[in-house]
Amino acid sequence: MEWAATTFALYGAGAAALATSMVKLGRRLELSQAKHRSLAGHARIARRLAAALPHYEYDEARFFSADGAPAEIVELRRAGFARLSDFYKTRFAETIRRSAEAAVAISDLQFTGTYRVPFQFSRLVRADLPTGALLQASDGVTVTDLDGNRFYDLAGSYGVNVFGYDFYKGAIERGAARVHGLGPVLGAYHPLIIENTELLKDISGLDQVSFHMSGTEAVMQAVRLARYHTRRRYAVRFCGAYHGWWGDVQPGIGNPLPARDTHTLADMSEETLHVLRTRRDIACVLVNPEQGLHPNAPAPTDSALVDSTRWSRFDKDAYTQWLKRLREVCTERGIVLIFDEVFVGFRLAPGGAQDYFGVRADLVTYGKTLGGGLPIGVVCGRTGLMKRFRDDRPADICFARGTFNSHPYVMAAMNEFLHALRTPPMQTLYQNLDDTWNARARRLNEHLADEGLPVEIANMSALWVVCYTRPSRYNWMLQYYLRAEGLALSWVGTARLIFSLNYTDADFDAVAERFVVAAHAMERDGWWWHSPALTNKSIKRTIIKEMIARRLFAPRQLRAH
Ligand SMILES: Cc1ncc(COP(=O)(O)O)c(C=O)c1O
C-alpha cells in the first residue's frame, strides 16, 4: 500500500515537472516567435556574426568597379571622385587640416570618421574625401566651417535643434543671466526648478519629475523604476529602436556584453502582444516613437548602405493603432509603458509624442531640445512609479543620483525653452507641421522622379530618411555630393536629415534645389550605373562571397578581377 502511494506520488511529481517544463518550453517558443526575423531582432546572433566579420578593403581598381560596371563607367567614376576630392581639399582645406589634428587624440572622431561609408570603401574615402568635424558658427538654418563655408544644417545637432540655433543661443544667454547669482552650485536647487517641474507635469500629464544629465540616463532610470516597482526582471524593447547607449537597452552590436534582462521583440506584431499578455516577468515596454518611420529596423546609417534595401515609410494611423493596443495590454498586465521621447518628443508636437499619437504612457523620458541647448535627461511619471524607497522596507531603495543633475544653468535654459513653447511664434511653428513637411517631401520626391533620379524621401514630419530606388553599391556617395553643394549632414549621412522647424519655404527650396543638383552630379559621374543583373540580392551575395574568401584565404585588400 505504502509502496503504491510512493510510486503514485513520484509519478505525480514527474508529471507536474514535465508539465512545468512543457509550459516553460511553450513560453520560450512564443518568445522566439515574437522576435523579428531580421538580424536586428536577434541580438545575440547579430553580436556573434559581427564579431566574426572579417575586415577587408578594396584596392583602387575595385573601389570603382565593385558592381562590375564597364570600363567607361569606371573612368567616369574615377574622374568624378578625383574632381570631388580636389574640391574638398581646396574648399574645406583648413577645416580638414584641423579636424585631422584633432582626430589623433579624440577617439569619437576616429570612430565616426571610420564609419561614414561601408568598410570596404572606407580607407580610400577617408584619404580622398576627408570630412571636417569642426565648425566656427551657426546662424539661422546654417552652420559655418573654419574656411568660412556656410552649409544648410541638416544634421540638427542629433535632434536638439528644433527651434533654430539662434533660439538656443538666446535661451542659454538669458538663462545664464537669470541664475548668475547662484552660479554653478549643485546639490541644492535654484528655485527655477519648481516652475520647470510644474510645466513638465502639465506637458506630460504625469505627477512627478526627475532630472538627469542625458537621455541615456533618463532611460536607465525609467527602466530601473519599472523593475523596482513591478518586482519583475525583463525590459522589452522593439527591434531596431535606439534608447541611448546603456547596455540593457542596446543588446546587439555595439555592446561588449549580452544584455541578459532585455527582450527585443518585433514591433507592430500580434506575437509580441501575445507574449506581453501571457508572461508574468515583464516589467516594462520601452517605445521610441521614431520607430514609426521604420518599424523593426535601426536608424540606417550610410555605413550600412551596402545596397538599396533601406526602406522607410511612416503610417501614422497604423502606428497609432499599435500604440493604443500596446497601451491596453500594458494596462491589463500591469506592465509599465515607457515612451522614450528623448529624440522625437518636442519635434512632433508641443505636448510631445503622447500628444501627437493621443496615447498616454506611465513613464515618459525627455531630453535633447528640452535643455534649451544644454545637456539634459528627464523622467516624468505617475507618483507610484517615481518613488525611490518603500515605506515598509527602509533598506529596499531604488538609488539614482548624478552630480550635475538639476544644474542651475540647465534649469534656466530649460525654463526658457518651456516658456517659449507656449508663445504664439513657437505655437505657429507647430501649426500644420505635418502638412508642411509632408508637402515639402512630396515636392522634392516629384522633382526627383521627374528628373529620373533613383532617390526618394521618407519622412516623419521634419525627420527625413533618404531611400534609394535602384540597386546600387554606391548610394553612400550621395552624402559627399550633398556636402559639396553646401548641405551639412551628420556622420550617419543620408540616413537622417533633421530639419529645424524654423526652415522657411525659401530655405527649404534652396535645400531641395541643391539636393537635386547633387543627385544629378552623382548620376553624371556614373555611380548609379545599373544593369539588370545587379539586384540587391546579387549585391549581398557578392559581399558574402568576399567575406568568405577573405576569411578563408584572401589578402586584406580585394582586387578588381
Ligand atoms: C530615443 C532616444 N533615447 C535616448 C537617447 C540618448 O540620449 P543621450 O544621447 O542624450 O544620452 C537618444 C539619443 O539619440 C534617443 O534618440
# chains A, B, ... in the order shown; residues from 1 in each chain; ligands from 1
>>> residues_near_ligand(ligand="ligand 1", cutoff="6 Å", atoms="only C-alpha atoms and all ligand atoms", output="list of chain:residue names")
A:Ser214, A:Gly215, A:Thr216, A:Tyr242, A:His243, A:Gly244, A:Asn288, A:Asp340, A:Glu341, A:Val342, A:Phe343, A:Lys368
>>> residues_around(residues="range 450-453 of chain A", least_positions_apart="2", cutoff="10 Å", atoms="only C-alpha atoms", output="PyMOL selection string")
chain A and resi 444-448+455-456+468-470+516+519-520+522-523+528
>>> closest_residue(among="A:Lys540, A:Arg393, A:Arg123, A:Arg78", to="Asp525 in chain A", atoms="only C-alpha atoms")
A:Arg78
>>> closest_residue(among="A:Ala304, A:Ala50, A:Ala171, A:Ile397", to="Asn255 in chain A", atoms="only C-alpha atoms")
A:Ala50
>>> closest_atom_pairs(of="range 362-464 of chain A", to="range 273-286 of chain A", cutoff="12 Å", atoms="only C-alpha atoms", output="tab-separated table")
residue	atom	partner	partner_atom	distance
A:Asp362	CA	A:Cys284	CA	9.7
A:Leu363	CA	A:Leu286	CA	9.5
A:Val364	CA	A:Leu286	CA	9.6
A:Thr365	CA	A:Leu286	CA	10.1
A:Leu385	CA	A:Cys284	CA	11.5
>>> write_last_selection(atoms="C-alpha atoms", output="PDB file, in the first residue's frame")
ATOM      1  CA  ASP A 362       3.146  55.556 -17.453  1.00  0.00           C
ATOM      2  CA  LEU A 363       6.657  56.971 -17.647  1.00  0.00           C
ATOM      3  CA  VAL A 364       7.994  59.393 -20.241  1.00  0.00           C
ATOM      4  CA  THR A 365      11.615  60.305 -20.886  1.00  0.00           C
ATOM      5  CA  LEU A 385       6.213  54.724 -10.120  1.00  0.00           C
TER       6      LEU A 385
END
>>> residues_around(residues="Arg514 in chain A", least_positions_apart="6", cutoff="9 Å", atoms="only C-alpha atoms", output="PDB file with N, CA and C atoms, in the first residue's frame")
ATOM      1  N   LEU A 482      26.274  65.883 -51.603  1.00  0.00           N
ATOM      2  CA  LEU A 482      25.417  66.835 -50.870  1.00  0.00           C
ATOM      3  C   LEU A 482      26.269  67.852 -50.109  1.00  0.00           C
ATOM      4  N   GLU A 485      27.546  70.503 -52.207  1.00  0.00           N
ATOM      5  CA  GLU A 485      26.526  71.511 -52.557  1.00  0.00           C
ATOM      6  C   GLU A 485      26.148  72.371 -51.355  1.00  0.00           C
ATOM      7  N   GLY A 486      26.869  72.202 -50.241  1.00  0.00           N
ATOM      8  CA  GLY A 486      26.612  73.068 -49.090  1.00  0.00           C
ATOM      9  C   GLY A 486      25.503  72.577 -48.178  1.00  0.00           C
ATOM     10  N   LEU A 487      25.324  71.262 -48.107  1.00  0.00           N
ATOM     11  CA  LEU A 487      24.348  70.706 -47.162  1.00  0.00           C
ATOM     12  C   LEU A 487      25.113  69.927 -46.093  1.00  0.00           C
TER      13      LEU A 487
END
>>> residues_around(residues="Ala241 in chain A", least_positions_apart="6", cutoff="12 Å", atoms="only C-alpha atoms", output="VMD selection string")
chain A and resid 40 to 41 249 to 252 264 to 267 285 to 300 339 to 341 343
>>> residues_around(residues="Pro191 in chain A", least_positions_apart="6", cutoff="12 Å", atoms="only C-alpha atoms", output="list in words")
Arg178, Val179, Gly181, Leu182, Thr197, Glu198, Ser406, His407, Pro408, Tyr409, Met411, Ala412 and Asn415 of chain A
>>> residues_around(residues="Gly381 in chain A", least_positions_apart="5", cutoff="9 Å", atoms="only C-alpha atoms", output="PyMOL selection string")
chain A and resi 201+204-210+222+361-365+386
>>> write_last_selection(atoms="N, CA and C atoms", output="PDB file, in the first residue's frame")
ATOM      1  N   LYS A 201       5.029  68.695 -15.693  1.00  0.00           N
ATOM      2  CA  LYS A 201       3.860  67.918 -15.267  1.00  0.00           C
ATOM      3  C   LYS A 201       2.696  68.211 -16.208  1.00  0.00           C
ATOM      4  N   SER A 204       3.405  66.550 -19.697  1.00  0.00           N
ATOM      5  CA  SER A 204       3.390  65.080 -19.712  1.00  0.00           C
ATOM      6  C   SER A 204       2.077  64.515 -19.203  1.00  0.00           C
ATOM      7  N   GLY A 205       1.321  65.314 -18.443  1.00  0.00           N
ATOM      8  CA  GLY A 205       0.105  64.808 -17.828  1.00  0.00           C
ATOM      9  C   GLY A 205       0.440  63.843 -16.693  1.00  0.00           C
ATOM     10  N   LEU A 206       1.661  63.882 -16.180  1.00  0.00           N
ATOM     11  CA  LEU A 206       2.093  62.952 -15.132  1.00  0.00           C
ATOM     12  C   LEU A 206       2.394  63.729 -13.848  1.00  0.00           C
ATOM     13  N   ASP A 207       2.627  62.991 -12.749  1.00  0.00           N
ATOM     14  CA  ASP A 207       2.631  63.653 -11.435  1.00  0.00           C
ATOM     15  C   ASP A 207       3.982  64.168 -10.972  1.00  0.00           C
ATOM     16  N   GLN A 208       5.052  63.468 -11.357  1.00  0.00           N
ATOM     17  CA  GLN A 208       6.352  63.820 -10.787  1.00  0.00           C
ATOM     18  C   GLN A 208       7.435  63.821 -11.856  1.00  0.00           C
ATOM     19  N   VAL A 209       8.574  64.421 -11.491  1.00  0.00           N
ATOM     20  CA  VAL A 209       9.647  64.626 -12.466  1.00  0.00           C
ATOM     21  C   VAL A 209      10.986  64.306 -11.808  1.00  0.00           C
ATOM     22  N   SER A 210      11.914  63.690 -12.549  1.00  0.00           N
ATOM     23  CA  SER A 210      13.303  63.626 -12.053  1.00  0.00           C
ATOM     24  C   SER A 210      14.227  64.107 -13.158  1.00  0.00           C
ATOM     25  N   ALA A 222      14.272  55.216 -15.887  1.00  0.00           N
ATOM     26  CA  ALA A 222      12.884  54.813 -16.127  1.00  0.00           C
ATOM     27  C   ALA A 222      12.771  53.281 -16.061  1.00  0.00           C
ATOM     28  N   ALA A 361       1.424  57.369 -21.655  1.00  0.00           N
ATOM     29  CA  ALA A 361       2.347  56.368 -21.106  1.00  0.00           C
ATOM     30  C   ALA A 361       2.387  56.491 -19.585  1.00  0.00           C
ATOM     31  N   ASP A 362       3.011  55.501 -18.917  1.00  0.00           N
ATOM     32  CA  ASP A 362       3.146  55.556 -17.453  1.00  0.00           C
ATOM     33  C   ASP A 362       4.395  56.344 -17.052  1.00  0.00           C
ATOM     34  N   LEU A 363       5.432  56.194 -17.848  1.00  0.00           N
ATOM     35  CA  LEU A 363       6.657  56.971 -17.647  1.00  0.00           C
ATOM     36  C   LEU A 363       7.039  57.556 -18.999  1.00  0.00           C
ATOM     37  N   VAL A 364       7.548  58.779 -18.988  1.00  0.00           N
ATOM     38  CA  VAL A 364       7.994  59.393 -20.241  1.00  0.00           C
ATOM     39  C   VAL A 364       9.392  59.960 -20.022  1.00  0.00           C
ATOM     40  N   THR A 365      10.294  59.683 -20.970  1.00  0.00           N
ATOM     41  CA  THR A 365      11.615  60.305 -20.886  1.00  0.00           C
ATOM     42  C   THR A 365      11.706  61.406 -21.950  1.00  0.00           C
ATOM     43  N   MET A 386       7.372  56.756  -9.447  1.00  0.00           N
ATOM     44  CA  MET A 386       8.566  57.602  -9.319  1.00  0.00           C
ATOM     45  C   MET A 386       9.240  57.447  -7.960  1.00  0.00           C
TER      46      MET A 386
END
>>> residues_around(residues="Lys537 in chain A", least_positions_apart="5", cutoff="12 Å", atoms="only C-alpha atoms", output="list in words")
Val306, Asp307, Ser308, Thr309, Pro471, Ser472, Arg473, Pro532, Thr542, Ile543 and Ile544 of chain A
>>> atom_distance(atom1="CA of Pro118 in chain A", atom2="CA of Tyr474 in chain A")
9.3 Å
>>> atom_distance(atom1="CA of Val141 in chain A", atom2="CA of Ala512 in chain A")
14.0 Å
>>> closest_residue(among="A:Leu135, A:Gly159, A:Val410, A:Trp529", to="Pro454 in chain A", atoms="only C-alpha atoms")
A:Trp529
>>> closest_residue(among="A:Met477, A:Ala19, A:Leu463, A:Ala259", to="Val125 in chain A", atoms="only C-alpha atoms")
A:Met477
>>> select_by_dssp(residues="range 252-427 of chain A", states="alpha helix (DSSP H)", output="NGL selection string")
:A and (270-278 or 316-333 or 345-348 or 352-357 or 383-386 or 408-421 or 424-427)
>>> write_last_selection(atoms="C-alpha atoms", output="mmCIF file, in the first residue's frame")
data_model
loop_
_atom_site.group_PDB
_atom_site.id
_atom_site.type_symbol
_atom_site.label_atom_id
_atom_site.label_comp_id
_atom_site.auth_asym_id
_atom_site.auth_seq_id
_atom_site.Cartn_x
_atom_site.Cartn_y
_atom_site.Cartn_z
ATOM 1 C CA GLU A 270 0.473 40.087 -32.769
ATOM 2 C CA GLU A 271 3.048 37.634 -31.401
ATOM 3 C CA THR A 272 4.561 40.409 -29.306
ATOM 4 C CA LEU A 273 1.160 41.314 -27.876
ATOM 5 C CA HIS A 274 0.629 37.643 -27.064
ATOM 6 C CA VAL A 275 3.930 37.488 -25.163
ATOM 7 C CA LEU A 276 3.060 40.626 -23.210
ATOM 8 C CA ARG A 277 -0.359 39.211 -22.437
ATOM 9 C CA THR A 278 0.897 35.853 -21.191
ATOM 10 C CA LYS A 316 0.701 57.454 -38.646
ATOM 11 C CA ASP A 317 -2.689 55.730 -38.352
ATOM 12 C CA ALA A 318 -1.230 52.227 -38.254
ATOM 13 C CA TYR A 319 1.421 53.209 -35.701
ATOM 14 C CA THR A 320 -1.173 54.996 -33.545
ATOM 15 C CA GLN A 321 -3.333 51.882 -33.535
ATOM 16 C CA TRP A 322 -0.328 49.827 -32.495
ATOM 17 C CA LEU A 323 0.467 52.181 -29.604
ATOM 18 C CA LYS A 324 -3.155 52.028 -28.458
ATOM 19 C CA ARG A 325 -3.097 48.250 -28.426
ATOM 20 C CA LEU A 326 0.185 48.259 -26.534
ATOM 21 C CA ARG A 327 -1.356 50.640 -24.020
ATOM 22 C CA GLU A 328 -4.296 48.278 -23.482
ATOM 23 C CA VAL A 329 -2.124 45.207 -22.969
ATOM 24 C CA CYS A 330 0.235 47.028 -20.593
ATOM 25 C CA THR A 331 -2.701 48.256 -18.520
ATOM 26 C CA GLU A 332 -4.227 44.775 -18.468
ATOM 27 C CA ARG A 333 -0.971 43.131 -17.344
ATOM 28 C CA GLY A 345 9.224 64.486 -28.190
ATOM 29 C CA PHE A 346 9.015 68.188 -28.911
ATOM 30 C CA ARG A 347 9.768 67.677 -32.584
ATOM 31 C CA LEU A 348 6.295 66.283 -33.339
ATOM 32 C CA GLY A 352 5.323 65.515 -27.294
ATOM 33 C CA ALA A 353 4.584 62.085 -28.743
ATOM 34 C CA GLN A 354 1.810 61.391 -26.211
ATOM 35 C CA ASP A 355 0.011 64.395 -27.582
ATOM 36 C CA TYR A 356 0.844 63.603 -31.217
ATOM 37 C CA PHE A 357 -0.379 59.987 -31.097
ATOM 38 C CA THR A 383 3.583 59.132 -8.276
ATOM 39 C CA GLY A 384 3.532 55.417 -7.521
ATOM 40 C CA LEU A 385 6.213 54.724 -10.120
ATOM 41 C CA MET A 386 8.566 57.602 -9.319
ATOM 42 C CA PRO A 408 21.164 75.826 -12.391
ATOM 43 C CA TYR A 409 22.287 76.815 -15.898
ATOM 44 C CA VAL A 410 20.453 73.858 -17.434
ATOM 45 C CA MET A 411 17.347 74.609 -15.395
ATOM 46 C CA ALA A 412 17.428 78.189 -16.632
ATOM 47 C CA ALA A 413 17.882 77.303 -20.310
ATOM 48 C CA MET A 414 15.136 74.682 -19.924
ATOM 49 C CA ASN A 415 12.873 77.301 -18.408
ATOM 50 C CA GLU A 416 13.438 79.495 -21.456
ATOM 51 C CA PHE A 417 12.556 76.563 -23.705
ATOM 52 C CA LEU A 418 9.426 75.615 -21.777
ATOM 53 C CA HIS A 419 8.153 79.196 -21.771
ATOM 54 C CA ALA A 420 8.936 79.662 -25.450
ATOM 55 C CA LEU A 421 6.933 76.530 -26.228
ATOM 56 C CA PRO A 424 2.453 82.366 -30.241
ATOM 57 C CA PRO A 425 5.526 82.356 -32.552
ATOM 58 C CA MET A 426 6.503 78.841 -31.436
ATOM 59 C CA GLN A 427 2.922 77.596 -31.470
#
>>> closest_residue(among="A:Arg231, A:Phe167, A:Gly377, A:Leu478", to="Asp396 in chain A", atoms="only C-alpha atoms")
A:Arg231
>>> atom_distance(atom1="CA of His42 in chain A", atom2="CA of Pro256 in chain A")
15.4 Å
